[in-house]
Every structure is written in structure tokens, then in C-alpha cells.
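J.: First the structure, which I've put down as C-alpha cells, then a few questions once you've had a look.
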Amino acid sequence: MLYSFLCATLWASTGIFVKFIDGMSVFHIIWGRFLVAFIFGAVLLKAHSFRRSGPSAYQAQEFPLALMMTLYYVLATFSFYYAPVAVAALLIALAPLFTFLLRLFLQSEFNQNELIGFLIAFAGLAFYFYGKDYAAEGYAISDILLGSALGLGAAFLRAVFSFSLWRRVNQGRVVNAANINNLTLVLGVALLLPCLLLQPGEAKVTQQNLILIVGLGLLATFLPNFLNNLSSMKLSPTLHNIIGMTTPISASLMAWGFLDEAQDLQALLAIIITVSGIFLSMRPSKKPVRIGATKT
């Protein structure tokens, strides 16, 4: 669970880095974070294998898993670009709802504590963002709708990734977290390069921007992406994504510390509700409830 919490916290730092980057388009920022993260992955993980069992070797089955996370990063970033941060964060936090539905429809079972914990945590998040006047912030309805759709797409991709990786490990199949991590990043570099070349104008390359891109690539991309892979292999996908619901709260607290965006009493109460739901979902429970099961 520690990996999952660290993953959520590090992902939350994304907004802080992006806020301070000046003179770069969203494509420049996304491509830069992928490139830096890939370089770190190639250098630091070259001689190591994090495979659960068996020899280290690339498997073609890992390609769709990596592609899902690449697309997750792209959709999530554009969601924050078009929609208000509060809306995008809330919709991306719906990932555990999708993992719950996947487990329900594909395995006909669910965990009661995870379901109740998710509902409480989501209620806390909804309360956290309640009452925001987005029209006053200058957002057009069309942009909010587009950003919301992208946020839901990002949540769905992360849910499918976590569920697929967890299921694969529980079936005893070989998984290499390092391969998936590096492939996710190299796909981001390769797929976004054409878009980058078509961008009008040039990126503002300054020492501050370079430092921020390195921080974004290492702390908010490479490390949490790898921790996400490890967490998805070990934890229930619903629980892992419920813990991920701390990301928007952590981001707001970081904004409080780094950007002087103070939190009011409503926000603090909402944090308590959300954290309570997360801790409830972590409580051990009896065997998962199976749909259609009969007593013997």
C-alpha cells in the first residue's frame, strides 16, 4: 500500500511543475516529461529486472498495457488543459468505479468494503469541489465538456490497466514492471514527436523550464509510473485506484504550500471524509461477494 500512496502523492506534484513552466505548449510539456522519464528509466533500470518470476525478457503482451498508460498521461494532461482543475481531478478520480465495474462484469464479484469506501471517498471529493464558479473563471461550456470527456477516458484507461495487470499476476503469468514502465515512456516520446513538430512557434527553453521539465519527468512521471506498475501487481485494482483518489487532495495541499492557494474549512472537512473512505476500503473483509452464488 505504501507504493500506492507514494504513487498518488508524486502524481499530485504534476500541477505544481506545470504551473511554473512558462512559454511552452501542452505538447512540449507532455513530450518533455516522457523524454526525461524515459532517459531516467533507460539509465537506472538497464541492469535490473523487476519480473515477478522467470527470466527477464520483453513480452509482446506488455505492449497494450504500456500503450494504455501512455494514452492515460496524454488524456489526463489535456483534461487539465481544457477543463477546470477541480472537474478534471474529480473525473480522473473515478478510476476505482471502473475497476469495480470490470470486476463485477468480468468476474461477477465485488468487495463490500471497497465499494462502500469508494462511495464515501467520492462523496468527500465531490464536497471538496462543491460550489466552484467555473463560469467566473472564464471556462467555456464546450471546453469543460471536452475536458470532462478526456478525464473520464483517462480514468477508464487507468482502471483497465490496473485490472489487467492485477489479473495477469494473479493468474501466475510473468510480468516485468520495468519493461512496461520503459515501454510506456518510449511510446510517449515516439507517438507525440509528430505532434510536437507540427506545433507553431518555438518552446521557450530557459534554465528554469529545463529544471521544471526534469522534475516533472522524474518525480511526477518516471517514479509514480513505476510505482503504479508495482502497486497494480500487488493490490486489488479497486483499492489501488481508491488510494489514488488522494491525488487531487494532495495536489490542492501542494498548491497551498507552493502557490499560496489556501484551503478553507469545507476543504479540510472534505479531506477527512475522503481519507475515511480510503481507510475503510483498506479494511480486510470476508470473501468477495459473488453475484449469482448460491449457498450450500
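In the C-alpha cells, the first chain shown is A, the next is B, and so on; residue numbers restart at 1 for each chain, and ligands run from 1 in the order shown.
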For range 28-35 of chain A, find every residue with an atom within 6 Å (counting only C-alpha atoms), except residues of its own chain fewer than 4 positions away, and show them as a PDB file with N, CA, C and O atoms, in the first residue's frame.
T.:
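So the final result, stored in part02.pdb, reads:
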ATOM      1  N   MET A  24       5.748  27.308 -22.912  1.00  0.00           N
ATOM      2  CA  MET A  24       5.782  26.012 -23.575  1.00  0.00           C
ATOM      3  C   MET A  24       4.353  25.507 -23.762  1.00  0.00           C
ATOM      4  O   MET A  24       3.526  25.627 -22.855  1.00  0.00           O
ATOM      5  N   LEU A 185       6.954   4.943 -21.598  1.00  0.00           N
ATOM      6  CA  LEU A 185       7.631   6.222 -21.803  1.00  0.00           C
ATOM      7  C   LEU A 185       8.138   6.379 -23.228  1.00  0.00           C
ATOM      8  O   LEU A 185       8.016   7.459 -23.821  1.00  0.00           O
ATOM      9  N   GLY A 188       5.379   7.245 -25.497  1.00  0.00           N
ATOM     10  CA  GLY A 188       5.019   8.655 -25.380  1.00  0.00           C
ATOM     11  C   GLY A 188       5.932   9.542 -26.198  1.00  0.00           C
ATOM     12  O   GLY A 188       5.483  10.466 -26.890  1.00  0.00           O
ATOM     13  N   VAL A 189       7.237   9.265 -26.146  1.00  0.00           N
ATOM     14  CA  VAL A 189       8.207  10.052 -26.917  1.00  0.00           C
ATOM     15  C   VAL A 189       7.958   9.894 -28.412  1.00  0.00           C
ATOM     16  O   VAL A 189       7.938  10.871 -29.168  1.00  0.00           O
ATOM     17  N   ILE A 213      11.052  20.720 -16.175  1.00  0.00           N
ATOM     18  CA  ILE A 213      10.760  19.556 -17.012  1.00  0.00           C
ATOM     19  C   ILE A 213      11.458  18.320 -16.460  1.00  0.00           C
ATOM     20  O   ILE A 213      10.880  17.213 -16.444  1.00  0.00           O
ATOM     21  N   LEU A 216       9.468  17.301 -13.476  1.00  0.00           N
ATOM     22  CA  LEU A 216       8.207  16.714 -13.934  1.00  0.00           C
ATOM     23  C   LEU A 216       8.435  15.303 -14.462  1.00  0.00           C
ATOM     24  O   LEU A 216       7.643  14.389 -14.188  1.00  0.00           O
ATOM     25  N   GLY A 217       9.519  15.111 -15.200  1.00  0.00           N
ATOM     26  CA  GLY A 217       9.795  13.799 -15.774  1.00  0.00           C
ATOM     27  C   GLY A 217      10.201  12.770 -14.741  1.00  0.00           C
ATOM     28  O   GLY A 217       9.814  11.600 -14.831  1.00  0.00           O
TER      29      GLY A 217
END
J.: Can you work out the spacing between CA of Gln107 in chain A and CA of Ser164 in chain A in Å, to one decimal?
T.: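 CA of Ser164 in chain A lies at a distance of 12.3 Å from CA of Gln107 in chain A.
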J.: Counting only C-alpha atoms, which of A:Phe40, A:Ser25, A:Leu218, A:Phe17 gets nearest to Glu202 in chain A?
T.: A:Ser25
J.: Write out as a VMD selection string each polymer residue whose atoms come within 10 Å of His240 in chain A, counting only C-alpha atoms; drop sequence neighbours fewer than 4 positions from it.
T.: chain A and resid 1 3 to 5 7 to 8 95 to 96 99 159 162 to 163 228 231 to 236 244 to 245 278 281 to 282
J.: Keeping only C-alpha atoms, write the selected residues to a file as a PDB file, in the first residue's frame.
T.:
ATOM      1  CA  MET A   1       0.000   0.000   0.000  1.00  0.00           C
ATOM      2  CA  TYR A   3       3.802   2.190  -3.116  1.00  0.00           C
ATOM      3  CA  SER A   4       0.216   3.153  -3.955  1.00  0.00           C
ATOM      4  CA  PHE A   5       0.204   6.154  -1.601  1.00  0.00           C
ATOM      5  CA  CYS A   7       2.371   6.949  -6.442  1.00  0.00           C
ATOM      6  CA  ALA A   8      -0.698   9.117  -5.749  1.00  0.00           C
ATOM      7  CA  ALA A  95     -10.948   5.130 -11.897  1.00  0.00           C
ATOM      8  CA  PRO A  96     -11.979   2.849  -8.977  1.00  0.00           C
ATOM      9  CA  THR A  99     -12.310  -1.204 -11.789  1.00  0.00           C
ATOM     10  CA  ALA A 159      -8.749   1.287 -14.412  1.00  0.00           C
ATOM     11  CA  SER A 162      -4.701  -1.804 -13.126  1.00  0.00           C
ATOM     12  CA  PHE A 163      -7.303  -4.534 -13.534  1.00  0.00           C
ATOM     13  CA  ASN A 228       1.821   2.355 -10.261  1.00  0.00           C
ATOM     14  CA  SER A 231       1.024  -1.425  -6.943  1.00  0.00           C
ATOM     15  CA  SER A 232      -1.184  -2.762  -9.727  1.00  0.00           C
ATOM     16  CA  MET A 233       0.623  -6.106  -9.486  1.00  0.00           C
ATOM     17  CA  LYS A 234       0.179  -6.438  -5.706  1.00  0.00           C
ATOM     18  CA  LEU A 235      -3.047  -4.661  -4.706  1.00  0.00           C
ATOM     19  CA  SER A 236      -6.659  -5.132  -5.665  1.00  0.00           C
ATOM     20  CA  GLY A 244      -5.307   7.183  -5.997  1.00  0.00           C
ATOM     21  CA  MET A 245      -8.265   9.387  -5.087  1.00  0.00           C
ATOM     22  CA  ILE A 278      -9.995   5.233   1.747  1.00  0.00           C
ATOM     23  CA  SER A 281     -11.741   0.378   1.734  1.00  0.00           C
ATOM     24  CA  MET A 282      -8.414  -0.877   3.116  1.00  0.00           C
TER      25      MET A 282
END
J.: Contacts of range 137-150 of chain A at 7 Å or less, counting only C-alpha atoms, minus same-chain residues fewer than 5 places along, as a PyMOL selection string?
T.: chain A and resi 75-76+78-80+82-83+87-88+91
J.: Find the distance between CA of Arg283 in chain A and CA of Asn111 in chain A and write it in Å to one decimal.
T.: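 Answer for the CA of Arg283 in chain A to CA of Asn111 in chain A separation: 10.5 Å.
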J.: Running DSSP on the backbone, which parts of range 156-222 of chain A land in alpha helix (DSSP H), as number ranges by chain?
T.: A: 156-170, 177-197, 207-217
J.: Given only C-alpha atoms as the basis, pick out the residue of A:Ala154, A:Ala93, A:Ala220, A:Ala177 nearest to Tyr73 in chain A.
T.: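 Of A:Ala154, A:Ala93, A:Ala220, A:Ala177, the one nearest Tyr73 in chain A is A:Ala154, counting only C-alpha atoms.
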J.: Give me, please, the distance in Å between CA of Thr221 in chain A and CA of Ala37 in chain A, quoted to one decimal.
T.: 6.2 Å
